[in-house]
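I have placed the structure first, in the form of structure tokens, so that the comments after it can refer back to it.
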Amino acid sequence: MNPLKITLACAVLAGTSGVAHAKPIAFAHGTTMMAEYGGGTMNEAQVFYAPKYFLSVGGGYLELESDIDGRRREIAYARANYLVKRWNLASAQANVFTWGGAGQAYLSETNAHEFAWNAGAQVDYETRRVYASLKTDLHRGADFSNRIDTLQLGIAPYEHDFDTLATWFVVQGRQYTGGIHDGTEWALLLRLFKRGAWIEAGATTEGKLQAMAMVNF
Amino acid sequence: MKKQLYAYLAAALAAGAAHADTIEMKVYGLVCGFCAQGIDKTLRRNPATADVFVSLENQLVAVATVPGKDIADADLRKALTDSGYDVKAITRTQRSLDDVRASARKKQ
């Protein structure tokens with residue numbers, strides 16, 4: 001069993017799986033914009049609008065580039081996100097999200113575009129000091145299948161409040177299927193957010209940049 | 001004429017008292033400032049809202065209302081639900097929002 005699978009199993013057993021802060025649905029009538037640079041292996045940009053607190057719709061663009069054989073995917077998709085369940089506790093929150101969508105993918109191997117669909121889910125648990133998240137995101141077409149599984153475990157050195165800067169140290173483990181990356185890609189991130197602006201940056205254990213920016217409005 | 005003057009004074013006093021009204025809500029799930037943006041935005045859309053204060057530490061959302069106006073409990077609950085949270089209790093006080101703010105910060 002590889003390290004990510006062990007960690008995922010521990011997180012599920014502990015009941016602390018999920019992507020705490022980065023949620024695909026912000027709030028009713030809110031818009032979320034996100035851009036991520038993932039160690040040269042994955043780049044993604046998304047925009048979602050939520051007509052309801054439990055539903056958001058929008059789209060995204062995902063680039064995958066294999067560090068094994070150089071194969072590339074360029075996937076543009078429309079997607080709907082749905083909040084399956086939320087637990088609002090006195091000092092914690094947990095969520096289960098799911099999503100699905102469709103679009104078009106470019107495959108470098110065939111130098112052609114094809115129809116692609118997308119499905120995924122996310123579970124998260126967070127307090128003001130700790131969080132854990134687990135996300136799985138599948139993109140598939142007639143000639144390809146790529147799934148990205150991401151685990152994040154975070155700890156905050158202090159408890160932020162609504163108007164103060166939040167600081168988090170995050171360990172991220174990510175696995176790709178479909179020949180994008182062998183093994184687990186680990187990264188250490190510094191995450192900062194205040195009000196509706198969020199930025200995080202760090203590096204993978206291979207020394208590659210990992211960064212993300214997000215705004216809610 | 002005197003009656004009109006008394007009525008005017010009474011209305012002015014009532015408006016003054018209403019100005020001090022603050023609605024305080026105990027809210028569960030308040031753990032992330034980034035995620036709680038919706039509370040501030042949703043409540044400020046209500047024309048009866050003068051100001052909003054959110055304290056994660058105190059699990060508190062407080063709303064100062066425009067003089068002479070109130071926000072129904074159902075509207076408050078809907079605003080918080082739309083923001084993704086659950087309201088556990090709603091109380092109306094004569095404290096100003098600044099007092100609520102100061103008191104919340106003292107507890108931290």
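Chain lettering (A, B, ...) mirrors the order of the structure tokens, residue numbering begins at 1 for each chain separately, and ligand numbering begins at 1 in order of display.
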
Using only C-alpha atoms, which residues of chain A come within 6 Å of chain B, and what is the closest atom pair for each, with the distance in Å to one decimal? Give it as CSV, sorted by chain and residue number.
```
residue,atom,partner,partner_atom,distance
A:Phe27,CA,B:Ser83,CA,4.7
A:Ala28,CA,B:Asp82,CA,5.1
A:Tyr53,CA,B:Asp82,CA,5.1
A:Asn88,CA,B:Gly29,CA,4.1
A:Leu89,CA,B:Gly29,CA,5.1
A:Ala90,CA,B:Tyr28,CA,4.7
A:Ala92,CA,B:Gly29,CA,5.3
A:Gln93,CA,B:Gly29,CA,4.9
A:Thr127,CA,B:Val31,CA,5.6
A:Arg128,CA,B:Val31,CA,5.2
A:Asp161,CA,B:Leu56,CA,5.3
A:Phe162,CA,B:Gly33,CA,4.4
A:Arg195,CA,B:Phe34,CA,5.2
A:Gly196,CA,B:Phe34,CA,5.3
```

Convert the current residue selection to file output with C-alpha atoms, as a compact mmCIF listing (two decimals), in the first residue's frame.
```txt
# COMPACT_ATOMS: atom_id res chain seq x y z
CA PHE A 27 -22.87 30.99 -0.90
CA ALA A 28 -26.16 31.77 -2.60
CA TYR A 53 -26.35 27.68 -1.33
CA ASN A 88 -22.72 22.87 11.01
CA LEU A 89 -21.38 22.11 14.48
CA ALA A 90 -20.65 24.54 17.29
CA ALA A 92 -16.61 22.83 13.26
CA GLN A 93 -18.07 22.30 9.83
CA THR A 127 -12.23 23.73 12.77
CA ARG A 128 -10.34 27.00 13.18
CA ASP A 161 -11.41 35.62 12.87
CA PHE A 162 -13.65 37.13 10.24
CA ARG A 195 -12.13 38.23 3.65
CA GLY A 196 -12.84 37.01 0.11
```

- Message: Please return, as a VMD selection string, all residues of region 59-101 of chain B that DSSP assigns to strand (DSSP E or B) on the basis of the backbone.
- Response: chain B and resid 60 to 65 86 to 93

Serialized selection, C-alpha atoms, as a short mmCIF file (atom, residue, chain, number, x, y, z; two decimals), in the first residue's frame:
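Writing done, so here's part-v8.cif:
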```cif
data_model
loop_
_atom_site.label_atom_id
_atom_site.label_comp_id
_atom_site.auth_asym_id
_atom_site.auth_seq_id
_atom_site.Cartn_x
_atom_site.Cartn_y
_atom_site.Cartn_z
CA LEU B 60 -21.88 35.38 16.58
CA VAL B 61 -23.48 37.32 13.75
CA ALA B 62 -24.84 40.72 14.75
CA VAL B 63 -26.88 43.09 12.61
CA ALA B 64 -27.56 46.74 13.33
CA THR B 65 -30.84 47.74 11.78
CA ASP B 86 -27.48 27.31 10.77
CA VAL B 87 -28.94 29.85 13.18
CA LYS B 88 -29.32 28.46 16.69
CA ALA B 89 -30.75 31.51 18.44
CA ILE B 90 -31.88 35.05 17.65
CA THR B 91 -32.02 37.81 20.24
CA ARG B 92 -32.74 41.51 19.94
CA THR B 93 -30.88 43.87 22.21
#
```

Practice item. List every residue of region 38-80 of chain B that DSSP, applied to the backbone of this structure, places in alpha helix (DSSP H), and write the result as an MDAnalysis selection string. Key: chainID B and resid 38:44 73:80

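One finds CA of Asp70 (chain B) at 10.5 Å from CA of Ala50 (chain B).
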
A:Ala76, A:Ala201, A:Leu138, A:Val130: which is nearest Gly100 (chain A), counting only C-alpha atoms?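 Distance minimum relative to Gly100 (chain A) lands on A:Leu138.
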
Exercise. For Leu209 (chain A), list every protein, DNA or RNA residue within 12 Å, evaluated using only C-alpha atoms, and leave out those in the same chain fewer than 6 positions away; present the list as a list in words.
Key: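 Residues meeting the cut-off are Glu36, Tyr37, Gly38, Gly39, Gly40, Thr41, Met42, Asn43, Glu185, Trp186, Ala187, Leu188, Leu189, Leu190, Glu200, Ala201, Gly202 and Ala203 of chain A.
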
What's the 7 Å shell around Ala94 (chain A), counting only C-alpha atoms, without same-chain residues fewer than 5 positions away, as a PDB file with N, CA and C atoms, in the first residue's frame?
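Just written: result.pdb:
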```
ATOM      1  N   ARG A  86     -24.257  18.989   4.695  1.00  0.00           N
ATOM      2  CA  ARG A  86     -23.396  19.863   5.502  1.00  0.00           C
ATOM      3  C   ARG A  86     -23.729  19.670   6.969  1.00  0.00           C
ATOM      4  N   TRP A  87     -22.707  19.591   7.781  1.00  0.00           N
ATOM      5  CA  TRP A  87     -22.885  19.540   9.228  1.00  0.00           C
ATOM      6  C   TRP A  87     -22.310  20.828   9.796  1.00  0.00           C
ATOM      7  N   ASN A  88     -23.179  21.670  10.320  1.00  0.00           N
ATOM      8  CA  ASN A  88     -22.722  22.870  11.013  1.00  0.00           C
ATOM      9  C   ASN A  88     -22.714  22.580  12.506  1.00  0.00           C
ATOM     10  N   ASP A 124     -15.014  17.133   3.500  1.00  0.00           N
ATOM     11  CA  ASP A 124     -14.117  17.953   4.297  1.00  0.00           C
ATOM     12  C   ASP A 124     -14.615  18.103   5.723  1.00  0.00           C
ATOM     13  N   TYR A 125     -13.662  18.398   6.575  1.00  0.00           N
ATOM     14  CA  TYR A 125     -13.941  18.676   7.985  1.00  0.00           C
ATOM     15  C   TYR A 125     -12.980  19.761   8.422  1.00  0.00           C
ATOM     16  N   GLU A 126     -13.484  20.761   9.128  1.00  0.00           N
ATOM     17  CA  GLU A 126     -12.584  21.817   9.568  1.00  0.00           C
ATOM     18  C   GLU A 126     -13.029  22.448  10.880  1.00  0.00           C
TER      19      GLU A 126
END
```

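Ranking A:Arg73, A:Lys208, A:Arg79, A:Arg191 by their shortest atom-to-atom distance to Ser145 (chain A), with only C-alpha atoms included, puts A:Arg73 first.
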